[in-house]
>>> print(open('work36.cif').read())   # mmCIF, C-alpha atoms and all ligand atoms
data_work
#
loop_
_atom_site.group_PDB
_atom_site.id
_atom_site.type_symbol
_atom_site.label_atom_id
_atom_site.label_comp_id
_atom_site.auth_asym_id
_atom_site.auth_seq_id
_atom_site.Cartn_x
_atom_site.Cartn_y
_atom_site.Cartn_z
ATOM 1 C CA MET A 248 218.158 30.950 217.953
ATOM 2 C CA THR A 249 214.548 30.140 217.194
ATOM 3 C CA ALA A 250 214.538 32.797 214.510
ATOM 4 C CA LEU A 251 217.672 31.290 213.009
ATOM 5 C CA ALA A 252 216.192 27.791 213.080
ATOM 6 C CA GLY A 253 213.023 29.177 211.528
ATOM 7 C CA ALA A 254 214.985 30.894 208.791
ATOM 8 C CA LEU A 255 216.991 27.737 208.102
ATOM 9 C CA GLY A 256 213.820 25.678 208.073
ATOM 10 C CA ALA A 257 212.189 28.075 205.637
ATOM 11 C CA GLY A 258 215.338 27.974 203.528
ATOM 12 C CA ALA A 259 215.277 24.172 203.458
ATOM 13 C CA VAL A 260 211.626 24.115 202.434
ATOM 14 C CA TRP A 261 212.333 26.744 199.826
ATOM 15 C CA ALA A 262 215.265 24.746 198.424
ATOM 16 C CA GLN A 263 213.226 21.553 198.460
ATOM 17 C CA ASP A 264 210.363 23.254 196.694
ATOM 18 C CA ASN A 265 212.489 24.940 194.052
ATOM 19 C CA LEU A 266 213.686 21.825 192.260
ATOM 20 C CA GLY A 267 214.032 23.385 188.860
ATOM 21 C CA LEU A 268 216.368 26.229 189.797
ATOM 22 C CA PRO A 269 219.756 26.646 188.157
ATOM 23 C CA THR A 270 222.551 25.574 190.523
ATOM 24 C CA ASP A 271 225.695 27.588 191.294
ATOM 25 C CA LYS A 272 228.855 26.269 189.635
ATOM 26 C CA ALA A 273 227.040 23.313 188.066
ATOM 27 C CA ILE A 274 228.145 22.232 184.596
ATOM 28 C CA ASP A 275 225.876 19.266 183.921
ATOM 29 C CA LEU A 276 222.317 19.363 182.593
ATOM 30 C CA GLN A 277 219.580 20.140 185.101
ATOM 31 C CA PRO A 278 218.106 16.964 186.644
ATOM 32 C CA ALA A 279 215.102 15.632 184.751
ATOM 33 C CA ALA A 280 211.585 15.834 186.167
ATOM 34 C CA ALA A 281 209.675 14.615 183.097
ATOM 35 C CA PRO A 282 210.031 11.694 180.634
ATOM 36 C CA LEU A 283 211.184 13.740 177.620
ATOM 37 C CA LYS A 284 214.044 15.201 179.643
ATOM 38 C CA HIS A 285 215.155 11.723 180.775
ATOM 39 C CA ASP A 286 215.347 10.733 177.102
ATOM 40 C CA ALA A 287 217.168 13.938 176.172
ATOM 41 C CA ILE A 288 219.713 13.387 178.973
ATOM 42 C CA TRP A 289 220.208 9.777 177.845
ATOM 43 C CA PHE A 290 220.829 10.979 174.279
ATOM 44 C CA HIS A 291 223.335 13.547 175.559
ATOM 45 C CA ASP A 292 225.165 11.256 178.017
ATOM 46 C CA ILE A 293 225.138 7.925 176.174
ATOM 47 C CA ILE A 294 225.297 8.961 172.511
ATOM 48 C CA LEU A 295 226.660 12.489 172.089
ATOM 49 C CA MET A 296 229.269 12.715 174.875
ATOM 50 C CA PRO A 297 231.062 9.412 174.017
ATOM 51 C CA VAL A 298 231.130 10.356 170.302
ATOM 52 C CA ILE A 299 232.439 13.850 171.076
ATOM 53 C CA THR A 300 235.002 12.519 173.574
ATOM 54 C CA ALA A 301 236.282 9.846 171.159
ATOM 55 C CA ILE A 302 236.687 12.394 168.358
ATOM 56 C CA VAL A 303 238.471 14.888 170.617
ATOM 57 C CA VAL A 304 240.832 12.192 171.941
ATOM 58 C CA LEU A 305 241.552 10.860 168.424
ATOM 59 C CA VAL A 306 242.276 14.302 166.963
ATOM 60 C CA LEU A 307 244.432 15.256 169.954
ATOM 61 C CA ALA A 308 246.406 11.983 169.697
ATOM 62 C CA LEU A 309 246.948 12.505 165.951
ATOM 63 C CA LEU A 310 248.127 16.069 166.577
ATOM 64 C CA ILE A 311 250.598 14.981 169.262
ATOM 65 C CA TRP A 312 251.849 12.096 167.099
ATOM 66 C CA ILE A 313 252.405 14.361 164.080
ATOM 67 C CA ILE A 314 254.111 17.037 166.205
ATOM 68 C CA LEU A 315 256.511 14.540 167.827
ATOM 69 C CA ARG A 316 257.149 12.114 164.996
ATOM 70 C CA TYR A 317 257.215 14.430 161.977
ATOM 71 C CA ASN A 318 258.882 17.580 163.234
ATOM 72 C CA LYS A 319 261.971 18.854 161.410
ATOM 73 C CA ARG A 320 264.429 17.250 163.837
ATOM 74 C CA ALA A 321 262.822 13.808 164.020
ATOM 75 C CA ASN A 322 262.012 13.655 160.318
ATOM 76 C CA PRO A 323 264.593 15.745 158.397
ATOM 77 C CA LYS A 324 263.593 14.374 154.962
ATOM 78 C CA PRO A 325 259.823 14.881 154.504
ATOM 79 C CA ALA A 326 257.695 12.688 152.248
ATOM 80 C CA THR A 327 256.497 14.358 149.054
ATOM 81 C CA PHE A 328 253.257 12.489 148.193
ATOM 82 C CA SER A 329 250.035 14.561 148.223
ATOM 83 C CA HIS A 330 247.239 11.915 147.965
ATOM 84 C CA ASN A 331 246.251 8.722 149.702
ATOM 85 C CA THR A 332 242.967 7.391 148.299
ATOM 86 C CA ALA A 333 242.355 4.841 151.073
ATOM 87 C CA ILE A 334 242.691 7.428 153.840
ATOM 88 C CA GLU A 335 240.543 9.967 151.978
ATOM 89 C CA ILE A 336 237.728 7.432 151.555
ATOM 90 C CA ALA A 337 238.008 6.464 155.232
ATOM 91 C CA TRP A 338 237.810 10.029 156.537
ATOM 92 C CA THR A 339 234.736 10.642 154.409
ATOM 93 C CA VAL A 340 232.873 7.416 155.148
ATOM 94 C CA VAL A 341 233.563 7.192 158.898
ATOM 95 C CA PRO A 342 232.100 10.650 159.739
ATOM 96 C CA VAL A 343 229.052 9.844 157.585
ATOM 97 C CA LEU A 344 228.504 6.646 159.581
ATOM 98 C CA ILE A 345 228.901 8.554 162.871
ATOM 99 C CA LEU A 346 226.307 11.094 161.715
ATOM 100 C CA VAL A 347 223.906 8.303 160.706
ATOM 101 C CA VAL A 348 224.169 6.782 164.190
ATOM 102 C CA ILE A 349 223.531 10.188 165.811
ATOM 103 C CA ALA A 350 220.627 10.853 163.433
ATOM 104 C CA PHE A 351 218.982 7.529 164.298
ATOM 105 C CA PHE A 352 218.815 8.349 168.024
ATOM 106 C CA SER A 353 218.109 12.022 167.371
ATOM 107 C CA PHE A 354 215.069 11.263 165.194
ATOM 108 C CA SER A 355 213.688 8.740 167.679
ATOM 109 C CA LEU A 356 213.908 11.437 170.382
ATOM 110 C CA LEU A 357 212.163 13.917 168.062
ATOM 111 C CA ARG A 358 209.414 11.371 167.526
ATOM 112 C CA LYS A 359 208.865 11.069 171.265
ATOM 113 C CA TYR A 360 208.392 14.838 171.425
ATOM 114 C CA ASN A 361 205.945 14.619 168.544
ATOM 115 C CA ASP A 362 203.917 11.596 169.739
ATOM 116 C CA MET A 363 202.056 13.164 172.617
ATOM 117 C CA PRO A 364 199.984 10.817 174.798
ATOM 118 C CA THR A 365 196.311 11.805 175.224
ATOM 119 C CA PRO A 366 196.501 14.951 177.377
ATOM 120 C CA ASP A 367 194.830 15.134 180.792
ATOM 121 C CA VAL A 368 195.144 18.912 180.930
ATOM 122 C CA VAL A 369 195.477 21.430 178.104
ATOM 123 C CA VAL A 370 197.224 24.728 178.793
ATOM 124 C CA LYS A 371 197.667 27.556 176.338
ATOM 125 C CA ALA A 372 200.756 29.702 176.850
ATOM 126 C CA THR A 373 200.869 33.023 175.006
ATOM 127 C CA GLY A 374 204.038 35.089 174.873
ATOM 128 C CA TYR A 375 203.646 38.863 175.129
ATOM 129 C CA GLN A 376 206.253 41.631 175.194
ATOM 130 C CA TRP A 377 207.268 40.872 178.014
ATOM 131 C CA TYR A 378 205.306 38.365 180.030
ATOM 132 C CA TRP A 379 203.392 35.130 179.629
ATOM 133 C CA ALA A 380 199.650 34.543 179.850
ATOM 134 C CA TYR A 381 198.123 31.145 180.544
ATOM 135 C CA ASP A 382 194.687 29.759 179.674
ATOM 136 C CA TYR A 383 193.067 26.441 180.527
ATOM 137 C CA PRO A 384 190.670 26.403 177.540
ATOM 138 C CA GLU A 385 188.850 23.209 178.586
ATOM 139 C CA LEU A 386 188.398 24.282 182.200
ATOM 140 C CA GLY A 387 187.226 27.839 181.597
ATOM 141 C CA VAL A 388 190.205 29.657 183.125
ATOM 142 C CA GLU A 389 191.552 32.442 180.943
ATOM 143 C CA GLY A 390 194.177 35.141 180.918
ATOM 144 C CA VAL A 391 196.318 34.283 183.952
ATOM 145 C CA GLU A 392 199.132 36.809 183.489
ATOM 146 C CA SER A 393 202.536 35.813 184.767
ATOM 147 C CA ARG A 394 205.011 38.656 185.252
ATOM 148 C CA LEU A 395 208.446 38.935 186.818
ATOM 149 C CA LEU A 396 208.287 40.137 190.433
ATOM 150 C CA PRO A 397 209.769 43.665 190.622
ATOM 151 C CA GLU A 398 212.080 42.564 193.469
ATOM 152 C CA ALA A 399 213.407 39.677 191.336
ATOM 153 C CA ARG A 400 214.787 42.136 188.784
ATOM 154 C CA GLU A 401 217.906 43.017 190.795
ATOM 155 C CA LEU A 402 220.237 40.552 192.507
ATOM 156 C CA GLU A 403 220.262 42.363 195.847
ATOM 157 C CA THR A 404 216.522 42.885 196.177
ATOM 158 C CA ALA A 405 215.939 39.302 195.039
ATOM 159 C CA HIS A 406 218.209 37.969 197.792
ATOM 160 C CA GLU A 407 216.529 40.205 200.358
ATOM 161 C CA ALA A 408 213.051 39.106 199.323
ATOM 162 C CA LYS A 409 214.185 35.459 198.990
ATOM 163 C CA VAL A 410 212.864 35.164 195.446
ATOM 164 C CA PRO A 411 214.891 33.598 192.639
ATOM 165 C CA PHE A 412 216.828 36.288 190.747
ATOM 166 C CA LEU A 413 215.251 36.969 187.316
ATOM 167 C CA LEU A 414 212.968 33.954 187.807
ATOM 168 C CA GLY A 415 210.359 34.792 190.476
ATOM 169 C CA VAL A 416 206.893 35.590 189.104
ATOM 170 C CA ASP A 417 203.579 36.737 190.539
ATOM 171 C CA ASN A 418 201.381 34.045 188.988
ATOM 172 C CA GLU A 419 202.879 30.615 188.351
ATOM 173 C CA LEU A 420 201.523 28.114 185.862
ATOM 174 C CA ILE A 421 199.806 25.474 188.031
ATOM 175 C CA VAL A 422 199.627 21.878 186.773
ATOM 176 C CA PRO A 423 198.874 18.510 188.393
ATOM 177 C CA VAL A 424 201.618 15.938 189.047
ATOM 178 C CA ASN A 425 201.801 12.693 187.007
ATOM 179 C CA ARG A 426 199.359 13.986 184.378
ATOM 180 C CA VAL A 427 200.030 14.557 180.716
ATOM 181 C CA VAL A 428 199.932 18.308 180.168
ATOM 182 C CA GLN A 429 199.687 19.597 176.616
ATOM 183 C CA VAL A 430 201.060 23.111 176.208
ATOM 184 C CA GLN A 431 199.753 25.000 173.219
ATOM 185 C CA VAL A 432 202.251 27.748 172.530
ATOM 186 C CA THR A 433 201.708 30.946 170.572
ATOM 187 C CA GLY A 434 202.928 34.536 170.461
ATOM 188 C CA TYR A 435 200.845 37.698 170.604
ATOM 189 C CA ASP A 436 203.271 40.236 169.118
ATOM 190 C CA VAL A 437 206.691 38.817 168.194
ATOM 191 C CA ILE A 438 208.319 35.390 168.351
ATOM 192 C CA HIS A 439 209.020 34.174 171.895
ATOM 193 C CA ALA A 440 209.899 30.647 173.023
ATOM 194 C CA PHE A 441 208.467 28.570 175.844
ATOM 195 C CA ALA A 442 211.398 26.762 177.467
ATOM 196 C CA LEU A 443 211.854 24.911 180.743
ATOM 197 C CA PRO A 444 214.996 22.762 181.227
ATOM 198 C CA ALA A 445 213.772 20.300 183.894
ATOM 199 C CA PHE A 446 210.946 19.115 181.615
ATOM 200 C CA GLY A 447 213.003 19.314 178.406
ATOM 201 C CA LEU A 448 210.684 21.930 176.889
ATOM 202 C CA LYS A 449 211.603 24.391 174.155
ATOM 203 C CA THR A 450 208.906 25.436 171.720
ATOM 204 C CA ASP A 451 208.693 28.622 169.662
ATOM 205 C CA ALA A 452 205.772 30.956 170.379
ATOM 206 C CA ILE A 453 204.945 32.325 166.935
ATOM 207 C CA PRO A 454 202.155 34.868 166.261
ATOM 208 C CA GLY A 455 199.441 33.281 164.111
ATOM 209 C CA ARG A 456 200.565 29.739 164.763
ATOM 210 C CA LEU A 457 199.645 27.280 167.495
ATOM 211 C CA ASN A 458 202.617 25.079 168.358
ATOM 212 C CA SER A 459 202.280 22.243 170.781
ATOM 213 C CA THR A 460 204.484 20.412 173.260
ATOM 214 C CA TRP A 461 203.873 18.227 176.288
ATOM 215 C CA PHE A 462 205.264 17.058 179.601
ATOM 216 C CA LYS A 463 204.338 14.817 182.482
ATOM 217 C CA ALA A 464 205.826 16.156 185.698
ATOM 218 C CA GLU A 465 207.138 13.374 187.916
ATOM 219 C CA LYS A 466 207.217 15.252 191.207
ATOM 220 C CA THR A 467 205.612 18.217 192.882
ATOM 221 C CA GLY A 468 207.627 21.397 193.230
ATOM 222 C CA VAL A 469 208.474 24.574 191.381
ATOM 223 C CA PHE A 470 210.349 24.505 188.089
ATOM 224 C CA TYR A 471 211.884 27.444 186.279
ATOM 225 C CA GLY A 472 212.429 28.311 182.656
ATOM 226 C CA GLN A 473 212.819 31.421 180.529
ATOM 227 C CA CYS A 474 211.744 32.859 177.230
ATOM 228 C CA SER A 475 214.315 31.497 174.797
ATOM 229 C CA GLU A 476 213.848 33.597 171.687
ATOM 230 C CA LEU A 477 215.269 37.117 171.699
ATOM 231 C CA CYS A 478 212.063 39.175 171.688
ATOM 232 C CA GLY A 479 213.034 42.728 172.654
ATOM 233 C CA VAL A 480 214.554 44.799 175.453
ATOM 234 C CA ASP A 481 212.863 42.904 178.301
ATOM 235 C CA HIS A 482 213.517 39.434 176.888
ATOM 236 C CA ALA A 483 215.546 38.567 179.993
ATOM 237 C CA TYR A 484 212.651 39.532 182.255
ATOM 238 C CA MET A 485 209.900 37.118 181.218
ATOM 239 C CA PRO A 486 210.592 33.838 183.050
ATOM 240 C CA ILE A 487 208.374 30.763 182.992
ATOM 241 C CA VAL A 488 207.496 29.199 186.340
ATOM 242 C CA ILE A 489 205.566 25.942 186.584
ATOM 243 C CA ARG A 490 204.313 24.798 189.976
ATOM 244 C CA VAL A 491 203.462 21.098 190.051
ATOM 245 C CA VAL A 492 200.808 20.227 192.639
ATOM 246 C CA THR A 493 198.564 17.288 193.585
ATOM 247 C CA ASP A 494 195.271 16.632 191.764
ATOM 248 C CA LYS A 495 193.313 18.020 194.709
ATOM 249 C CA GLU A 496 195.361 21.229 194.887
ATOM 250 C CA PHE A 497 195.010 21.630 191.119
ATOM 251 C CA ASP A 498 191.217 21.263 191.289
ATOM 252 C CA ASP A 499 191.083 23.780 194.146
ATOM 253 C CA TYR A 500 193.175 26.212 192.105
ATOM 254 C CA ILE A 501 190.931 25.873 189.039
ATOM 255 C CA VAL A 502 187.789 26.502 191.105
ATOM 256 C CA LYS A 503 189.412 29.492 192.824
ATOM 257 C CA ALA A 504 190.397 30.885 189.415
ATOM 258 C CA GLY A 505 186.739 30.771 188.345
ATOM 259 C CA GLY A 506 186.911 27.607 186.244
ATOM 260 C CA LYS A 507 185.372 24.172 186.444
ATOM 261 C CA THR A 508 187.219 20.946 187.241
ATOM 262 C CA LYS A 509 186.968 17.930 184.935
ATOM 263 C CA ALA A 510 184.733 16.199 187.511
ATOM 264 C CA MET A 511 182.370 19.208 187.615
ATOM 265 C CA ILE A 512 182.189 19.317 183.815
ATOM 266 C CA ALA A 513 181.510 15.556 183.650
ATOM 267 C CA ALA A 514 178.776 15.860 186.301
ATOM 268 C CA GLU A 515 177.173 18.742 184.401
ATOM 269 C CA GLU A 516 177.285 16.800 181.152
ATOM 270 C CA ALA A 517 175.692 13.782 182.853
ATOM 271 C CA ALA A 518 172.951 16.013 184.300
ATOM 272 C CA THR A 519 172.299 17.585 180.879
ATOM 273 C CA ALA A 520 172.134 14.150 179.268
ATOM 274 C CA ALA A 521 169.722 12.896 181.955
ATOM 275 C CA GLU A 522 167.598 16.021 181.469
ATOM 276 C CA ALA A 523 167.479 15.461 177.710
ATOM 277 C CA GLN A 524 166.542 11.837 178.243
ATOM 278 C CA ARG A 525 163.732 12.814 180.585
ATOM 279 C CA ALA A 526 162.448 15.415 178.105
ATOM 280 C CA ALA A 527 162.566 12.834 175.330
ATOM 281 C CA ALA A 528 160.656 10.340 177.451
ATOM 282 C CA ASP A 529 158.031 12.983 178.268
ATOM 283 C CA ALA A 530 157.690 13.898 174.597
ATOM 284 C CA ALA A 531 157.353 10.246 173.628
ATOM 285 C CA ALA A 532 154.658 9.757 176.267
ATOM 286 C CA SER A 533 152.672 12.761 175.034
ATOM 287 C CA ALA A 534 153.164 11.564 171.450
ATOM 288 C CA ASP A 535 151.666 8.203 172.482
ATOM 289 C CA ALA A 536 148.710 9.978 174.018
ATOM 290 C CA SER A 537 148.223 11.965 170.805
ATOM 291 C CA THR A 538 148.457 8.770 168.748
ATOM 292 C CA ALA A 539 145.638 7.321 170.802
ATOM 293 C CA ALA A 540 143.585 10.377 169.972
ATOM 294 C CA SER A 541 144.774 10.466 166.366
ATOM 295 C CA ALA A 542 141.719 8.658 165.067
ATOM 296 C CA ALA A 543 139.881 11.877 165.818
ATOM 297 C CA ALA A 544 142.604 14.365 164.841
ATOM 298 C CA PRO A 545 145.511 12.869 162.788
ATOM 299 C CA ALA A 546 147.000 16.289 162.007
ATOM 300 C CA GLU A 547 147.530 17.008 165.721
ATOM 301 C CA ALA A 548 149.318 13.685 166.270
ATOM 302 C CA ASP A 549 151.724 14.446 163.396
ATOM 303 C CA ALA A 550 152.489 17.818 164.900
ATOM 304 C CA ALA A 551 153.172 16.269 168.331
ATOM 305 C CA ALA A 552 155.383 13.575 166.818
ATOM 306 C CA SER A 553 157.481 16.065 164.874
ATOM 307 C CA ALA A 554 157.813 18.233 167.965
ATOM 308 C CA ALA A 555 159.083 15.217 169.905
ATOM 309 C CA ALA A 556 161.555 14.178 167.218
ATOM 310 C CA PRO A 557 164.304 16.771 167.856
ATOM 311 C CA ALA A 558 164.228 16.042 171.577
ATOM 312 C CA VAL A 559 164.747 12.318 170.926
ATOM 313 C CA GLN A 560 167.725 13.044 168.768
HETATM 314 CU CU CU A 601 211.989 36.549 174.760
#
>>> encode(input="work36.cif", output="structure tokens", more="lines below")
Ligand SMILES: [Cu+2]
Amino acid sequence: MTALAGALGAGAVWAQDNLGLPTDKAIDLQPAAAPLKHDAIWFHDIILMPVITAIVVLVLALLIWIILRYNKRANPKPATFSHNTAIEIAWTVVPVLILVVIAFFSFSLLRKYNDMPTPDVVVKATGYQWYWAYDYPELGVEGVESRLLPEARELETAHEAKVPFLLGVDNELIVPVNRVVQVQVTGYDVIHAFALPAFGLKTDAIPGRLNSTWFKAEKTGVFYGQCSELCGVDHAYMPIVIRVVTDKEFDDYIVKAGGKTKAMIAAEEAATAAEAQRAAADAAASADASTAASAAAPAEADAAASAAAPAVQ
């Protein structure tokens, strides 16, 4: 009984943690966990679906009307005209207007993807045949390789090991919650694509080019995506897993991975600046002393002053 309760409890935690997993029998978009995805879902639900539904209903109604009203029995003597200018203009202009409306909202969504807020964390994701590697260039963490767990490769072993089928990896990409994360995306060998539905991400990873996208995760948890550009035989086996954690957990992770947190870097910079200031002050003081003695030896004072100059700068 206890074991069962424990297993259920673990299952609940697992389900709660794995927010970005695909859901069985679901047909809607995955729930959003970042601003861009909210906007993309709004565009899909409020703009695209009503337009699509209206067109489908209109075409279906026209079809049914024509079938019933103008079949051979109901309309034995068919009309013989072949043109109707008014209708032809209407069915050209109306679709153009519909496309303009879609384009307006589509371009404003594209602009949101393009206008990244100032990033709090920069991550570089490199696609390899067939895994991903992550760097935090500003924090000194490099080459975190993220590969599919061997047990996640088959459905049965994945269920046994309680890892998501085709999605579980050894090293997840760790990012802090409620922070703007810039993802620089590139490919090492062929074109891959960095895609994660819950954050609305899909960016090509192209060798020799550094693409960029961003997200701001709204809640902690684990989110799943996959390479989305056919890149070879193991294309289906290079998932993308992002674990969103608190600031503290993120800092701990960075330190454990051999990097430095933003606070550590800021403290070091402050210490270096203070050191430089102290050196400059010392140099200035010794320059003053030399100036006092310069009546006797002007050449020495010049030398001291020029030695002090770089330190002051
Ligand atoms: Cu791929």
>>> atom_distance(input="work36.cif", atom1="CA of Val369 (chain A)", atom2="CA of Gly415 (chain A)")
23.5 Å
>>> residues_around(input="work36.cif", residues="Lys463 (chain A)", least_positions_apart="2", cutoff="8 Å", atoms="only C-alpha atoms", output="PyMOL selection string")
chain A and resi 281-282+424-428+446+461+465
>>> residues_near_point(input="work36.cif", point="(204.2, 15.9, 182.1)", cutoff="12 Å", atoms="all atoms listed in the file", output="JSON, numbers by chain")
{"A": [279, 280, 281, 282, 283, 284, 285, 360, 363, 364, 365, 366, 367, 368, 369, 370, 422, 423, 424, 425, 426, 427, 428, 429, 430, 443, 445, 446, 447, 448, 460, 461, 462, 463, 464, 465, 466, 467, 489, 490, 491, 492]}
>>> closest_atom_pairs(input="work36.cif", of="chain A", to="ligand CU 601 (chain A)", cutoff="8 Å", atoms="all atoms listed in the file", output="CSV")
residue,atom,partner,partner_atom,distance
A:Gln376,CA,A:CU601,CU,7.7
A:Trp377,CA,A:CU601,CU,7.2
A:Ile438,CA,A:CU601,CU,7.5
A:His439,CA,A:CU601,CU,4.8
A:Ala440,CA,A:CU601,CU,6.5
A:Gln473,CA,A:CU601,CU,7.8
A:Cys474,CA,A:CU601,CU,4.4
A:Ser475,CA,A:CU601,CU,5.6
A:Glu476,CA,A:CU601,CU,4.6
A:Leu477,CA,A:CU601,CU,4.5
A:Cys478,CA,A:CU601,CU,4.0
A:Gly479,CA,A:CU601,CU,6.6
A:Asp481,CA,A:CU601,CU,7.3
A:His482,CA,A:CU601,CU,3.9
A:Ala483,CA,A:CU601,CU,6.6
A:Met485,CA,A:CU601,CU,6.8
>>> write_last_selection(input="work36.cif", atoms="C-alpha atoms", output="CSV table (one decimal), in the coordinates of the input")
chain,number,residue,atom,x,y,z
A,376,GLN,CA,206.3,41.6,175.2
A,377,TRP,CA,207.3,40.9,178.0
A,438,ILE,CA,208.3,35.4,168.4
A,439,HIS,CA,209.0,34.2,171.9
A,440,ALA,CA,209.9,30.6,173.0
A,473,GLN,CA,212.8,31.4,180.5
A,474,CYS,CA,211.7,32.9,177.2
A,475,SER,CA,214.3,31.5,174.8
A,476,GLU,CA,213.8,33.6,171.7
A,477,LEU,CA,215.3,37.1,171.7
A,478,CYS,CA,212.1,39.2,171.7
A,479,GLY,CA,213.0,42.7,172.7
A,481,ASP,CA,212.9,42.9,178.3
A,482,HIS,CA,213.5,39.4,176.9
A,483,ALA,CA,215.5,38.6,180.0
A,485,MET,CA,209.9,37.1,181.2
>>> resolve_selection(input="work36.cif", expression="the PyMOL selection byres (((chain A and resi 381) around 10) and not hetatm)", output="MDAnalysis selection string")
chainID A and resid 370:374 379:380 382:384 388:393 418:421 430:432
>>> atom_distance(input="work36.cif", atom1="CA of Glu335 (chain A)", atom2="CA of Ile293 (chain A)")
28.8 Å
>>> axis_aligned_box(input="work36.cif", around="region 392-404 of chain A", padding_each_side="5 Å", output="lines of an AutoDock Vina configuration file")
center_x = 209.7
center_y = 39.7
center_z = 189.8
size_x = 31.1
size_y = 17.9
size_z = 22.7
>>> atom_distance(input="work36.cif", atom1="CA of Leu266 (chain A)", atom2="CA of Val469 (chain A)")
6.0 Å
>>> residues_around(input="work36.cif", residues="region 296-304 of chain A", least_positions_apart="5", cutoff="12 Å", atoms="all atoms listed in the file", output="number ranges by chain")
A: 275, 288-291, 309-311, 341-342, 344-346, 348-349
